[in-house]
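> If it helps, the file is called my_file.csv and holds CSV, C-alpha atoms:
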```csv
chain,number,residue,atom,x,y,z
C,1,MET,CA,71.9,142.7,121.1
C,2,LYS,CA,69.9,141.4,124.0
C,3,THR,CA,72.1,141.3,127.1
C,4,ALA,CA,70.4,139.1,129.7
C,5,ARG,CA,68.3,135.9,129.6
C,6,PRO,CA,66.2,136.8,133.5
C,7,PHE,CA,74.9,127.0,115.1
C,8,ARG,CA,73.9,90.1,89.1
C,9,HIS,CA,75.3,91.1,85.9
C,10,SER,CA,72.9,93.9,85.2
C,11,ALA,CA,73.8,95.2,88.6
C,12,SER,CA,77.5,95.0,87.7
C,13,ILE,CA,76.9,97.0,84.5
C,14,LEU,CA,75.1,99.6,86.5
C,15,VAL,CA,77.9,99.9,89.0
C,16,PHE,CA,80.5,100.1,86.3
C,17,SER,CA,78.5,102.8,84.5
C,18,PHE,CA,78.2,104.7,87.8
C,19,TYR,CA,81.9,104.7,88.3
C,20,LEU,CA,82.4,105.9,84.7
C,21,LEU,CA,80.1,108.8,85.6
C,22,LEU,CA,81.8,109.7,88.8
C,23,PRO,CA,84.5,112.1,87.3
C,24,TYR,CA,81.7,113.9,85.5
C,25,PHE,CA,79.6,114.4,88.6
C,26,SER,CA,82.7,115.4,90.6
C,27,THR,CA,83.7,118.0,88.0
C,28,ALA,CA,80.1,119.3,87.6
C,29,SER,CA,79.7,119.7,91.3
C,30,ALA,CA,83.0,121.7,91.5
C,31,VAL,CA,81.8,124.0,88.7
C,32,ASP,CA,78.3,124.4,90.1
C,33,ASP,CA,79.4,125.1,93.7
C,34,PRO,CA,80.3,128.8,93.8
C,35,PHE,CA,82.3,128.5,97.0
C,36,LYS,CA,84.5,125.8,95.5
C,37,LYS,CA,84.9,127.9,92.4
C,38,LEU,CA,85.9,130.9,94.5
C,39,ALA,CA,88.3,128.8,96.5
C,40,ASN,CA,89.9,127.4,93.3
C,41,ASN,CA,90.2,130.9,91.9
C,42,LEU,CA,92.1,132.0,95.0
C,43,ALA,CA,94.3,128.8,94.9
C,44,ALA,CA,95.2,129.2,91.2
C,45,GLU,CA,98.1,131.5,91.8
C,46,SER,CA,99.1,130.3,95.2
C,47,PRO,CA,102.3,128.4,95.9
C,48,ALA,CA,102.3,124.7,96.3
C,49,GLY,CA,100.4,123.8,99.4
C,50,PRO,CA,99.2,123.2,101.8
C,51,VAL,CA,99.7,126.8,103.0
C,52,ASN,CA,98.2,128.0,106.3
C,53,ILE,CA,95.6,130.7,105.8
C,54,ALA,CA,92.8,132.1,107.9
C,55,VAL,CA,89.4,133.5,106.8
C,56,GLY,CA,88.5,137.0,108.0
C,57,SER,CA,85.4,139.1,107.5
C,58,PHE,CA,83.1,139.3,104.5
C,59,ASN,CA,81.3,142.7,104.8
C,60,TYR,CA,78.3,144.2,103.2
C,61,GLU,CA,79.4,146.6,100.4
C,62,ASN,CA,81.7,149.3,101.7
C,63,THR,CA,80.6,149.0,105.3
C,64,ASP,CA,81.5,147.2,108.5
C,65,LEU,CA,78.1,145.5,108.6
C,66,GLN,CA,77.6,141.7,108.3
C,67,SER,CA,74.6,139.4,107.7
C,68,PRO,CA,73.5,135.8,107.7
C,69,PHE,CA,75.2,135.6,104.3
C,70,SER,CA,78.5,136.8,105.8
C,71,SER,CA,78.4,133.8,108.2
C,72,MET,CA,77.4,131.3,105.6
C,73,LEU,CA,80.0,132.5,103.1
C,74,ARG,CA,82.8,132.3,105.7
C,75,ASP,CA,81.7,128.7,106.7
C,76,GLU,CA,81.4,127.4,103.2
C,77,LEU,CA,84.6,129.1,102.0
C,78,GLU,CA,86.6,127.5,104.9
C,79,ILE,CA,85.4,124.1,103.8
C,80,ALA,CA,86.1,124.7,100.1
C,81,LEU,CA,89.5,126.1,100.8
C,82,GLY,CA,90.5,123.0,102.8
C,83,GLU,CA,89.3,120.8,100.0
C,84,SER,CA,91.3,122.6,97.4
C,85,GLY,CA,94.5,120.9,98.4
C,86,LYS,CA,96.3,124.3,98.4
C,87,PHE,CA,95.3,125.5,101.8
C,88,LYS,CA,95.2,124.4,105.4
C,89,VAL,CA,92.6,126.6,107.2
C,90,VAL,CA,93.4,128.0,110.6
C,91,THR,CA,90.1,128.0,112.4
C,92,ARG,CA,88.5,131.1,113.8
C,93,ASP,CA,88.8,129.6,117.3
C,94,ARG,CA,92.5,129.1,116.9
C,95,LEU,CA,92.9,132.7,115.4
C,96,ALA,CA,91.1,134.0,118.5
C,97,ASP,CA,93.4,132.1,120.8
C,98,LEU,CA,96.4,133.5,119.0
C,99,GLN,CA,95.0,137.0,119.5
C,100,MET,CA,94.3,136.3,123.2
C,101,GLU,CA,97.9,135.1,123.6
C,102,GLY,CA,99.2,138.3,122.0
C,103,LYS,CA,100.6,136.4,119.0
C,104,PHE,CA,99.3,139.2,116.8
C,105,GLN,CA,98.0,142.7,117.3
C,106,GLY,CA,95.3,144.5,115.2
C,107,LYS,CA,92.0,142.8,114.5
C,108,GLY,CA,91.8,145.2,111.5
C,109,ILE,CA,93.8,142.7,109.4
C,110,LEU,CA,90.8,140.5,109.3
C,111,GLU,CA,88.8,143.3,107.6
C,112,PRO,CA,88.9,143.7,103.8
C,113,GLY,CA,91.3,146.3,102.4
C,114,THR,CA,93.5,146.6,105.4
C,115,GLY,CA,97.2,146.6,104.8
C,116,VAL,CA,99.2,143.6,106.1
C,117,GLU,CA,102.8,144.5,105.0
C,118,LYS,CA,104.3,144.4,108.5
C,119,VAL,CA,101.9,141.9,110.1
C,120,THR,CA,103.0,138.5,111.4
C,121,ILE,CA,100.8,135.8,112.9
C,122,GLU,CA,102.3,132.7,114.3
C,123,GLY,CA,101.5,129.8,111.9
C,124,VAL,CA,99.5,131.9,109.4
C,125,LYS,CA,100.7,132.9,106.0
C,126,GLY,CA,97.7,134.7,104.6
C,127,ILE,CA,94.3,136.1,105.3
C,128,ILE,CA,91.2,135.8,103.0
C,129,ARG,CA,88.6,138.4,103.4
C,130,GLY,CA,86.2,140.4,101.2
C,131,ARG,CA,83.0,142.2,100.4
C,132,PHE,CA,79.7,141.3,98.8
C,133,TYR,CA,77.1,143.3,96.8
C,134,ALA,CA,73.5,142.3,96.2
C,135,SER,CA,71.8,143.6,93.0
C,136,GLY,CA,68.5,142.2,91.7
C,137,ASP,CA,68.7,138.4,91.9
C,138,GLU,CA,72.5,138.2,92.1
C,139,VAL,CA,75.1,138.5,94.8
C,140,THR,CA,78.6,139.4,93.7
C,141,VAL,CA,81.4,138.4,96.1
C,142,TYR,CA,84.9,140.1,95.9
C,143,ALA,CA,87.5,138.2,97.8
C,144,GLU,CA,91.1,138.9,98.4
C,145,LEU,CA,94.0,136.8,99.7
C,146,ALA,CA,96.5,139.0,101.5
C,147,TRP,CA,99.9,137.4,102.1
C,148,LEU,CA,101.3,138.5,105.4
C,149,GLU,CA,104.7,140.2,105.8
C,150,GLY,CA,105.1,140.9,102.1
C,151,GLY,CA,101.7,142.5,101.7
C,152,GLU,CA,100.9,141.0,98.3
C,153,VAL,CA,97.2,140.7,97.6
C,154,LYS,CA,95.5,138.3,95.1
C,155,LYS,CA,91.9,139.0,94.2
C,156,ALA,CA,89.0,136.9,92.9
C,157,ARG,CA,85.3,137.6,92.0
C,158,ILE,CA,82.3,135.4,91.6
C,159,ALA,CA,78.5,136.1,91.1
C,160,ILE,CA,76.0,133.8,92.8
C,161,PRO,CA,72.2,133.7,92.2
C,162,ALA,CA,70.4,135.1,95.2
C,163,SER,CA,68.0,132.2,95.0
C,164,GLN,CA,71.0,129.8,95.6
C,165,VAL,CA,72.0,131.8,98.6
C,166,ARG,CA,68.5,131.7,100.0
C,167,ALA,CA,68.3,128.0,99.5
C,168,LYS,CA,71.6,127.5,101.3
C,169,ILE,CA,70.4,129.4,104.3
C,170,TRP,CA,66.8,128.2,104.3
C,171,PRO,CA,66.7,124.6,102.9
C,172,ASP,CA,62.9,124.6,102.8
C,173,PRO,CA,62.1,125.8,99.2
C,174,ALA,CA,58.9,127.6,100.3
C,175,ASP,CA,60.8,129.4,103.0
C,176,ALA,CA,63.7,130.3,100.7
C,177,ALA,CA,61.5,131.8,98.0
C,178,ALA,CA,59.6,133.9,100.5
C,179,LYS,CA,62.6,135.5,102.2
C,180,PRO,CA,63.6,138.9,100.9
C,181,ILE,CA,67.2,140.1,100.3
C,182,ASP,CA,67.0,142.5,103.2
C,183,GLY,CA,67.9,140.8,106.4
C,184,VAL,CA,69.0,137.6,104.7
C,185,ILE,CA,71.7,138.6,102.3
C,186,ASN,CA,71.9,142.2,103.3
C,187,PRO,CA,72.2,143.0,107.0
C,188,GLN,CA,69.3,143.8,109.3
C,189,ASN,CA,68.1,147.4,109.5
C,190,VAL,CA,70.9,148.7,107.2
C,191,GLU,CA,70.1,152.4,107.3
C,192,GLN,CA,69.6,152.5,111.1
C,193,SER,CA,72.7,150.4,111.6
C,194,LEU,CA,74.9,152.6,109.3
C,195,ALA,CA,73.7,155.7,111.2
C,196,ASN,CA,74.6,154.0,114.5
C,197,VAL,CA,78.1,153.0,113.4
C,198,GLN,CA,78.7,156.5,111.9
C,199,GLU,CA,77.6,158.3,115.1
C,200,ILE,CA,79.6,156.1,117.5
C,201,ALA,CA,82.6,154.6,115.8
C,202,LYS,CA,83.3,157.4,113.3
C,203,ASP,CA,82.3,160.6,115.0
C,204,ARG,CA,82.1,160.4,118.8
C,205,LEU,CA,84.9,157.9,119.4
C,206,ALA,CA,87.2,160.3,117.7
C,207,LYS,CA,86.9,162.6,120.7
C,208,VAL,CA,88.6,160.1,123.0
C,209,PRO,CA,92.4,160.2,122.8
C,210,ARG,CA,94.4,157.0,122.0
C,211,ASP,CA,97.4,157.5,124.2
C,212,PHE,CA,98.2,153.8,124.6
C,213,PRO,CA,97.3,150.5,122.7
C,214,ILE,CA,94.1,148.8,123.8
C,215,GLU,CA,91.9,146.2,121.9
C,216,ILE,CA,88.5,144.8,122.2
C,217,PHE,CA,87.5,141.7,120.2
C,218,THR,CA,85.1,138.7,120.4
C,219,VAL,CA,86.2,135.5,122.2
C,220,ASP,CA,85.2,133.3,119.2
C,221,GLY,CA,86.5,135.6,116.5
C,222,ARG,CA,83.1,136.3,114.9
C,223,ARG,CA,81.2,139.5,114.2
C,224,ALA,CA,77.8,138.2,113.1
C,225,TYR,CA,75.4,136.3,115.5
C,226,PRO,CA,71.9,134.9,115.2
C,227,GLU,CA,69.4,135.2,118.0
C,228,LYS,CA,69.7,133.0,121.1
C,229,GLU,CA,73.5,132.6,120.7
C,230,THR,CA,75.8,134.1,123.2
C,231,VAL,CA,78.7,136.4,122.7
C,232,SER,CA,81.7,137.3,124.9
C,233,PHE,CA,84.2,140.0,124.5
C,234,ARG,CA,87.9,140.2,125.3
C,235,VAL,CA,89.9,143.3,126.2
C,236,ARG,CA,93.7,143.6,126.4
C,237,SER,CA,95.6,146.8,127.2
C,238,ALA,CA,99.3,147.6,127.0
C,239,ARG,CA,99.0,149.5,130.3
C,240,GLU,CA,97.2,148.9,133.6
C,241,CYS,CA,94.1,151.0,133.3
C,242,HIS,CA,90.4,151.4,134.3
C,243,ILE,CA,88.0,150.4,131.6
C,244,ALA,CA,84.3,150.7,130.7
C,245,VAL,CA,82.7,148.5,128.0
C,246,LEU,CA,79.6,149.9,126.4
C,247,CYS,CA,77.3,148.4,123.8
C,248,HIS,CA,75.6,151.1,121.7
C,249,GLN,CA,72.6,149.3,120.1
C,250,SER,CA,71.1,150.2,116.8
C,251,ASP,CA,67.9,151.4,118.5
C,252,GLY,CA,69.7,154.2,120.3
C,253,THR,CA,70.1,152.6,123.7
C,254,THR,CA,73.4,151.9,125.4
C,255,VAL,CA,74.1,148.8,127.6
C,256,VAL,CA,76.9,148.9,130.1
C,257,LEU,CA,78.6,145.5,129.8
C,258,PHE,CA,81.4,146.4,132.2
C,259,PRO,CA,81.5,147.2,135.1
C,260,ASN,CA,78.5,145.1,136.1
C,261,ARG,CA,76.9,143.5,139.1
C,262,PHE,CA,79.4,140.7,139.4
C,263,SER,CA,82.5,142.7,138.3
C,264,ARG,CA,82.5,146.2,139.7
C,265,ASN,CA,86.3,146.8,139.9
C,266,THR,CA,87.2,148.7,136.7
C,267,LEU,CA,91.0,148.2,137.0
C,268,ILE,CA,92.6,145.7,134.7
C,269,PRO,CA,96.3,144.6,134.5
C,270,ALA,CA,98.6,145.4,131.6
C,271,ASN,CA,99.1,142.8,128.8
C,272,LYS,CA,96.6,140.3,130.1
C,273,ALA,CA,93.4,139.6,128.3
C,274,ILE,CA,90.2,139.7,130.3
C,275,ASP,CA,86.8,138.4,129.2
C,276,ILE,CA,83.5,140.4,129.3
C,277,PRO,CA,81.1,139.6,131.0
C,278,GLY,CA,83.8,137.6,132.8
C,279,THR,CA,81.9,135.0,134.7
C,280,HIS,CA,79.6,132.0,133.9
C,281,LYS,CA,76.8,132.7,136.3
C,282,SER,CA,73.2,131.8,135.4
C,283,GLY,CA,71.5,134.7,133.8
C,284,PHE,CA,74.7,136.5,133.2
C,285,GLU,CA,75.5,135.6,129.6
C,286,ILE,CA,75.2,138.1,126.8
C,287,GLU,CA,72.4,136.5,124.7
C,288,ILE,CA,71.5,137.8,121.2
C,289,GLY,CA,68.0,139.1,120.8
C,290,PRO,CA,66.2,142.2,119.5
C,291,PRO,CA,66.8,144.9,118.6
C,292,TYR,CA,68.5,143.3,115.6
C,293,GLY,CA,71.0,145.3,113.5
C,294,SER,CA,74.6,146.4,114.0
C,295,ASP,CA,75.8,147.5,117.4
C,296,VAL,CA,79.1,149.2,118.3
C,297,VAL,CA,80.8,147.7,121.3
C,298,GLU,CA,83.5,150.1,122.7
C,299,VAL,CA,86.0,150.1,125.5
C,300,ILE,CA,87.0,153.4,127.0
C,301,ALA,CA,90.1,153.3,129.2
C,302,CYS,CA,91.9,155.7,131.5
C,303,THR,CA,95.0,155.3,133.6
C,304,GLN,CA,93.1,156.7,136.6
C,305,PRO,CA,89.5,156.1,137.6
C,306,SER,CA,87.7,158.9,135.7
C,307,GLU,CA,84.4,160.4,136.6
C,308,LEU,CA,82.8,158.0,134.0
C,309,HIS,CA,84.4,154.9,135.5
C,310,LYS,CA,83.4,155.9,139.1
C,311,ALA,CA,79.8,156.6,138.1
C,312,LEU,CA,79.4,153.3,136.1
C,313,SER,CA,81.0,151.3,139.0
C,314,LYS,CA,78.5,153.0,141.4
C,315,TYR,CA,75.6,152.2,139.1
C,316,ALA,CA,76.7,148.5,138.8
C,317,SER,CA,76.4,148.1,142.5
C,318,GLU,CA,72.8,149.1,142.2
C,319,THR,CA,71.7,146.6,139.6
C,320,ASN,CA,69.8,143.4,140.6
C,321,ALA,CA,69.5,139.8,139.5
C,322,PRO,CA,66.8,140.3,136.8
C,323,ALA,CA,68.9,143.0,135.3
C,324,PRO,CA,72.7,142.5,135.8
C,325,PHE,CA,73.6,145.1,133.1
C,326,GLN,CA,72.7,148.8,133.1
C,327,VAL,CA,70.8,150.2,130.2
C,328,LEU,CA,71.2,153.9,129.5
C,329,THR,CA,69.9,156.2,126.8
C,330,ARG,CA,72.4,157.2,124.2
C,331,GLY,CA,72.4,160.8,125.5
C,332,MET,CA,73.3,159.6,129.0
C,333,ALA,CA,76.2,157.6,127.8
C,334,VAL,CA,77.6,160.4,125.6
C,335,LYS,CA,77.1,163.0,128.3
C,336,GLY,CA,79.0,160.8,130.8
C,337,ILE,CA,81.9,160.4,128.5
C,338,ASP,CA,82.0,164.1,127.5
C,339,SER,CA,81.8,165.1,131.2
C,340,ALA,CA,84.7,162.8,132.2
C,341,LEU,CA,86.9,164.1,129.4
C,342,ALA,CA,86.1,167.7,130.3
C,343,ALA,CA,86.7,167.1,134.0
C,344,ALA,CA,90.1,165.6,133.2
C,345,LYS,CA,91.2,168.7,131.3
C,346,VAL,CA,90.7,171.0,134.2
C,347,GLY,CA,92.2,168.6,136.8
C,348,SER,CA,95.7,167.3,137.3
C,349,THR,CA,96.4,165.5,134.0
C,350,ALA,CA,100.2,165.0,134.3
C,351,ALA,CA,99.8,161.2,134.5
C,352,LEU,CA,96.3,160.9,133.0
C,353,LEU,CA,96.2,158.9,129.8
C,354,TRP,CA,93.1,157.8,127.8
C,355,SER,CA,92.5,155.2,125.1
C,356,GLN,CA,89.6,153.5,123.3
C,357,ASP,CA,88.8,150.8,120.7
C,358,SER,CA,85.6,149.4,119.2
C,359,ILE,CA,84.1,146.5,117.3
C,360,VAL,CA,80.9,146.3,115.2
C,361,ILE,CA,78.7,143.3,116.0
C,362,SER,CA,75.8,142.4,113.6
C,363,THR,CA,72.8,140.5,114.9
C,364,PHE,CA,69.8,138.9,113.1
C,365,PRO,CA,66.9,136.5,113.7
C,366,LYS,CA,67.9,132.9,113.5
C,367,PRO,CA,67.6,131.5,110.0
```
Step by step, read the file and then write its structure as structure tokens.


Amino acid sequence: MKTARPFRHSASILVFSFYLLLPYFSTASAVDDPFKKLANNLAAESPAGPVNIAVGSFNYENTDLQSPFSSMLRDELEIALGESGKFKVVTRDRLADLQMEGKFQGKGILEPGTGVEKVTIEGVKGIIRGRFYASGDEVTVYAELAWLEGGEVKKARIAIPASQVRAKIWPDPADAAAKPIDGVINPQNVEQSLANVQEIAKDRLAKVPRDFPIEIFTVDGRRAYPEKETVSFRVRSARECHIAVLCHQSDGTTVVLFPNRFSRNTLIPANKAIDIPGTHKSGFEIEIGPPYGSDVVEVIACTQPSELHKALSKYASETNAPAPFQVLTRGMAVKGIDSALAAAKVGSTAALLWSQDSIVISTFPKP
């Protein structure tokens, strides 16, 4: 993720014949369109509609990674679900707004396989999410419709020729034929990205206590972005606390998104969502660029300004216009967090509480 820039009669007979053929073409297109077929399969056992549903994440195999196919699948499925007559799709923007307003907690419900038994979202009855697997010249999509509150899950499966996926992403036939599966259907830099996610989200973040609820999520509700687009993050904490937001990129570097040159105060209020980077100044957007792959964006919070938060705030005051965000080596970031946790243990910790959360963002060259 790049972080600074310095979507007659004979005629009558013909017309009559055309209308006779319309049902055939309509049926054929529904059968040939895999996204309509998948939507119809999900709608088959659903109650009489329309029922409000939202579309969550479609991840690569058993990972948190996404790809251009993830974005395309979600877009096409939203259209097909709306056309099925059974569903009314709650857009991702509306879903993000509900999350910002505190109308539901836990972005995990948008991820496949996550339990939803006790989840309620205002105006949403179910979440559709899933996984995909590419093998040879075929992509298999496993989708699930999880009904909120009750927790019942309906599943559907469909196989799509990889050539059809390529043609959907790259309309030019020559381009489509030349594109490999890796980086198109599969995510960019899969092995490196998986190692990055494992190191940060699975291993090191486990060291930070979670003493109170805090969440980080994207403003637009997406997790996959092509180059040149911008991304913003939103943080909400159940307690007033000091935060640091770090983007651990797949190439081993860490970018400090917050605090930054324009927002150096690390203290945020309780139960009020704040946006990162937090201001619309020229050159201050988070723009997608190389290195492409899957990054882990984490928020680390403490009820008092820890040594980490103090140090990052000091560094932020030293950044300049061409580089509004700090860039650290992975080792520097890890050392800073470990040192802050160690210092807290030997100090007065009676009222010192910590928390953390993270989100995986996948980036790729623009199709």

> Would you mind telling me which residue in C:Lys103, C:Lys154, C:Arg131, C:Lys37 lies nearest to Asn62 in chain C when using only C-alpha atoms?

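Nearest candidate to Asn62 in chain C out of C:Lys103, C:Lys154, C:Arg131, C:Lys37: C:Arg131.
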
> I'd like the contact shell of Gly221 in chain C - 6 Å cut-off, all atoms listed in the file, skipping same-chain residues fewer than 3 positions apart - returned as number ranges by chain.

C: 92, 96, 218

> Within 12 Å of Asp275 in chain C, counting all atoms listed in the file, which residues show up once you throw out same-chain ones fewer than 5 positions away? Write them as a list in words, please.

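Result of the neighbour search: Met100, Glu215, Ile216, Phe217, Thr218, Val219, Asp220, Val231, Ser232, Phe233, Arg234, Val235, Arg236, Val245, Leu257, Phe258, Pro259, Ser263, Ile268, His280, Glu285 and Ile286 of chain C.
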
> Skip Lys86 in chain C itself and residues of its chain fewer than 3 positions away, then list as a ChimeraX atom specification all residues within 10 Å of it, counting all atoms listed in the file.

/C:39-40,42-53,81-83,89

> What does the structure give for the distance between CA of Val360 in chain C and CA of Gly150 in chain C, in Å to one decimal?

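So the answer is 28.0 Å.
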
> Here is a test: counting only C-alpha atoms, which residue of C:Tyr292, C:Ile337, C:Gln356, C:Arg264 is nearest to Ala316 in chain C?

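Among the listed residues, C:Arg264 lies closest to Ala316 in chain C.
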
> Could you state the separation of CA of Asp338 in chain C and CA of Leu205 in chain C in Å, given to one decimal place?

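It comes out at 10.6 Å.
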
> To one decimal place, how far is CA of Gln66 in chain C from CA of Gly85 in chain C in Å?

28.6 Å

> Need to verify the contact set: Gly123 in chain C, 12 Å, all atoms listed in the file, exclusion of same-chain residues closer than 3 positions in sequence. Can you return it as a PyMOL selection string?

chain C and resi 51-54+88-91+94-95+98+103-104+120+126-127+148

> Take the selection from the previous step and output its residues with C-alpha atoms, as an mmCIF file, in the frame of the given file.


```
data_model
loop_
_atom_site.group_PDB
_atom_site.id
_atom_site.type_symbol
_atom_site.label_atom_id
_atom_site.label_comp_id
_atom_site.auth_asym_id
_atom_site.auth_seq_id
_atom_site.Cartn_x
_atom_site.Cartn_y
_atom_site.Cartn_z
ATOM 1 C CA VAL C 51 99.700 126.800 103.000
ATOM 2 C CA ASN C 52 98.200 128.000 106.300
ATOM 3 C CA ILE C 53 95.600 130.700 105.800
ATOM 4 C CA ALA C 54 92.800 132.100 107.900
ATOM 5 C CA LYS C 88 95.200 124.400 105.400
ATOM 6 C CA VAL C 89 92.600 126.600 107.200
ATOM 7 C CA VAL C 90 93.400 128.000 110.600
ATOM 8 C CA THR C 91 90.100 128.000 112.400
ATOM 9 C CA ARG C 94 92.500 129.100 116.900
ATOM 10 C CA LEU C 95 92.900 132.700 115.400
ATOM 11 C CA LEU C 98 96.400 133.500 119.000
ATOM 12 C CA LYS C 103 100.600 136.400 119.000
ATOM 13 C CA PHE C 104 99.300 139.200 116.800
ATOM 14 C CA THR C 120 103.000 138.500 111.400
ATOM 15 C CA GLY C 126 97.700 134.700 104.600
ATOM 16 C CA ILE C 127 94.300 136.100 105.300
ATOM 17 C CA LEU C 148 101.300 138.500 105.400
#
```

> Hey, which of C:Ile158, C:Ala270, C:Leu65, C:Ala342 ends up closest to Val190 in chain C? Count all atoms listed in the file.

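That would be C:Leu65, the residue with the smallest distance to Val190 in chain C.
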
> Find the residue from C:Val184, C:Ala80, C:Ala206, C:Val255 that sits nearest to Val165 in chain C; use only C-alpha atoms when measuring.

C:Val184

> Taking all atoms listed in the file into account, which of C:Arg222, C:Asp32, C:Ser313, C:Glu117 comes nearest Phe262 in chain C?

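Of the candidates, the smallest distance to Phe262 in chain C is held by C:Ser313.
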
> Just checking: using only C-alpha atoms, which residue out of C:Ile160, C:Leu194, C:Cys302, C:Ile274 ends up closest to Pro209 in chain C?

C:Cys302

> With a distance cut-off of 12 Å and only C-alpha atoms, select the neighbouring residues of Phe69 in chain C, excluding the residue or stretch itself and same-chain residues fewer than 4 positions from it, and output the selection as a short mmCIF file (atom, residue, chain, number, x, y, z; two decimals) with C-alpha atoms, in the coordinates of the input.


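The file below, result16.cif, is the result:
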```cif
data_model
loop_
_atom_site.label_atom_id
_atom_site.label_comp_id
_atom_site.auth_asym_id
_atom_site.auth_seq_id
_atom_site.Cartn_x
_atom_site.Cartn_y
_atom_site.Cartn_z
CA SER C 57 85.40 139.10 107.50
CA PHE C 58 83.10 139.30 104.50
CA ASN C 59 81.30 142.70 104.80
CA TYR C 60 78.30 144.20 103.20
CA LEU C 65 78.10 145.50 108.60
CA LEU C 73 80.00 132.50 103.10
CA ARG C 74 82.80 132.30 105.70
CA ASP C 75 81.70 128.70 106.70
CA GLU C 76 81.40 127.40 103.20
CA LEU C 77 84.60 129.10 102.00
CA ARG C 131 83.00 142.20 100.40
CA PHE C 132 79.70 141.30 98.80
CA TYR C 133 77.10 143.30 96.80
CA ALA C 134 73.50 142.30 96.20
CA VAL C 139 75.10 138.50 94.80
CA THR C 140 78.60 139.40 93.70
CA VAL C 141 81.40 138.40 96.10
CA ILE C 160 76.00 133.80 92.80
CA ALA C 162 70.40 135.10 95.20
CA GLN C 164 71.00 129.80 95.60
CA VAL C 165 72.00 131.80 98.60
CA ARG C 166 68.50 131.70 100.00
CA ALA C 167 68.30 128.00 99.50
CA LYS C 168 71.60 127.50 101.30
CA ILE C 169 70.40 129.40 104.30
CA TRP C 170 66.80 128.20 104.30
CA ILE C 181 67.20 140.10 100.30
CA ASP C 182 67.00 142.50 103.20
CA GLY C 183 67.90 140.80 106.40
CA VAL C 184 69.00 137.60 104.70
CA ILE C 185 71.70 138.60 102.30
CA ASN C 186 71.90 142.20 103.30
CA PRO C 187 72.20 143.00 107.00
CA GLN C 188 69.30 143.80 109.30
CA ALA C 224 77.80 138.20 113.10
CA TYR C 225 75.40 136.30 115.50
CA PRO C 226 71.90 134.90 115.20
CA SER C 362 75.80 142.40 113.60
CA THR C 363 72.80 140.50 114.90
CA PHE C 364 69.80 138.90 113.10
CA PRO C 367 67.60 131.50 110.00
#
```
